[in-house]
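Enquirer: Submitted below is the structure of interest, expressed as structure tokens.
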Amino acid sequence: MFKAMKEKAFDKALLEAVDEGLAVFGESVAHTVAYYLKKNHGLRREDIPKNPETFDTGLKTIFGFGASVIERHILERLYAKLQLTYEEKEGQPFTDHIKQAKEKTTT
């Protein structure tokens with residue numbers, strides 16, 4: 001039961017971090033990204049915590065190399081919300097950082 005509550009809190013923090021990361025470009029861009037992810041990848045916003053790989057793929061399709069800047073911002077916000085220290089590691093995928101943060105906060 002307690003683990004489920006921790007996972008729900010993690011999911012909420014991740015979604016907030018995603019919103020903040022996309023907000024850098026403005027509300028219309030965030031809505032466009034959400035629409036694209038749903039239409040082309042079947043990924044709804046609320047499903048991002050369960051399927052960060054699809055989110056990552058969608059961002060890279062839309063923004064190319066620019067996706068890494070957005071992802072770094074999302075990770076910085078996520079780690080801050082979880083009161084963890086974010087350390088960027090060269091070559092470590094976005095999704096691995098998310099998995100590590102989840103493990104640290106839900107186990």
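Ligands are numbered from 1 in the order shown, chains are lettered A, B, ... in the order of the structure tokens, and residues start at 1 in each chain.
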List the neighbours of Ala34 of chain A out to 7 Å using only C-alpha atoms; skip same-chain residues closer than 4 positions along the sequence, and give me the result as a list in words.
Expert: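 Answer for this query is Ala30, Lys38 and Arg45 of chain A.
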Enquirer: Considering only C-alpha atoms, return as a ChimeraX atom specification whatever protein or nucleic-acid residues lie within 6 Å of segment 15-24 of chain A, sequence-local ones (same chain, fewer than 4 positions apart) excluded.
Expert: /A:30,70,73-74,77-78
Enquirer: Run DSSP on the backbone and grab whatever in chain A lands in helix (DSSP H, G or I); send it over as a count of residues only.
Expert: 86
Enquirer: Which residues are near Asn40 of chain A? Cut-off 10 Å, only C-alpha atoms, ignore same chain within fewer than 4 positions. Put them as an mmCIF file with C-alpha atoms, in the first residue's frame.
Expert:
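Result file follows (result05.cif):
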```cif
data_model
loop_
_atom_site.group_PDB
_atom_site.id
_atom_site.type_symbol
_atom_site.label_atom_id
_atom_site.label_comp_id
_atom_site.auth_asym_id
_atom_site.auth_seq_id
_atom_site.Cartn_x
_atom_site.Cartn_y
_atom_site.Cartn_z
ATOM 1 C CA TYR A 35 -1.447 16.126 -29.450
ATOM 2 C CA TYR A 36 1.398 14.635 -31.496
ATOM 3 C CA GLY A 58 8.259 11.281 -29.473
#
```
Enquirer: I'd like the interatomic distance between atom CA of Thr105 of chain A and atom CA of Glu87 of chain A, to a tenth of an Å.
Expert: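 Going from atom CA of Thr105 of chain A over to atom CA of Glu87 of chain A, I get 16.0 Å.
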Enquirer: Could you check which of A:Lys81, A:His41, A:Lys89, A:His31 is closest to Asp11 of chain A, using only C-alpha atoms?
Expert: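 Ranked by minimum distance to Asp11 of chain A, first place goes to A:Lys81.
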Enquirer: Just checking: using only C-alpha atoms, which residue out of A:Glu88, A:Phe25, A:Ala4, A:Tyr79 ends up closest to Gly66 of chain A?
Expert: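 The shortest atom-to-atom distance to Gly66 of chain A comes from A:Phe25.
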Enquirer: Got a sec: who's within 10 Å of Lys6 of chain A, counting only C-alpha atoms, leaving out chain neighbours fewer than 5 positions off, as a list of chain:residue names?
Expert: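 Near neighbours after the sequence-gap exclusion: A:Met1, A:Asp11, A:Lys12, A:Lys102, A:Thr105, A:Thr106, A:Thr107.
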Enquirer: Output C-alpha atoms for every residue in the selection just made, as a JSON list (two decimals), in the first residue's frame.
Expert:
```json
[["chain", "number", "residue", "atom", "x", "y", "z"],
["A", 1, "MET", "CA", 0.00, 0.00, 0.00],
["A", 11, "ASP", "CA", 4.15, 9.85, -11.25],
["A", 12, "LYS", "CA", 2.70, 13.20, -10.22],
["A", 102, "LYS", "CA", 11.85, 6.20, -9.32],
["A", 105, "THR", "CA", 12.00, 7.30, -4.17],
["A", 106, "THR", "CA", 9.67, 4.28, -4.27],
["A", 107, "THR", "CA", 11.68, 1.47, -2.70]]
```
Enquirer: Kindly give the distance, in Å, that separates atom CA of Lys39 of chain A and atom CA of Lys60 of chain A, rounded to a single decimal.
Expert: 15.6 Å
Enquirer: Go ahead and compute the interatomic distance for atom CA of Leu37 of chain A and atom CA of Ser68 of chain A, in Å to one decimal.
Expert: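 It comes out at 17.0 Å.
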Enquirer: So which residues touch Pro52 of chain A within 7 Å, counting only C-alpha atoms, skipping near sequence neighbours fewer than 4 positions away, as a ChimeraX atom specification?
Expert: /A:48,56,95
Enquirer: Those residues with C-alpha atoms, as a short mmCIF file (atom, residue, chain, number, x, y, z; two decimals), in the first residue's frame please?
Expert:
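again-v5.cif written:
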```cif
data_model
loop_
_atom_site.label_atom_id
_atom_site.label_comp_id
_atom_site.auth_asym_id
_atom_site.auth_seq_id
_atom_site.Cartn_x
_atom_site.Cartn_y
_atom_site.Cartn_z
CA ILE A 48 4.06 9.10 -19.59
CA ASP A 56 11.45 9.99 -25.25
CA THR A 95 14.77 6.97 -19.43
#
```
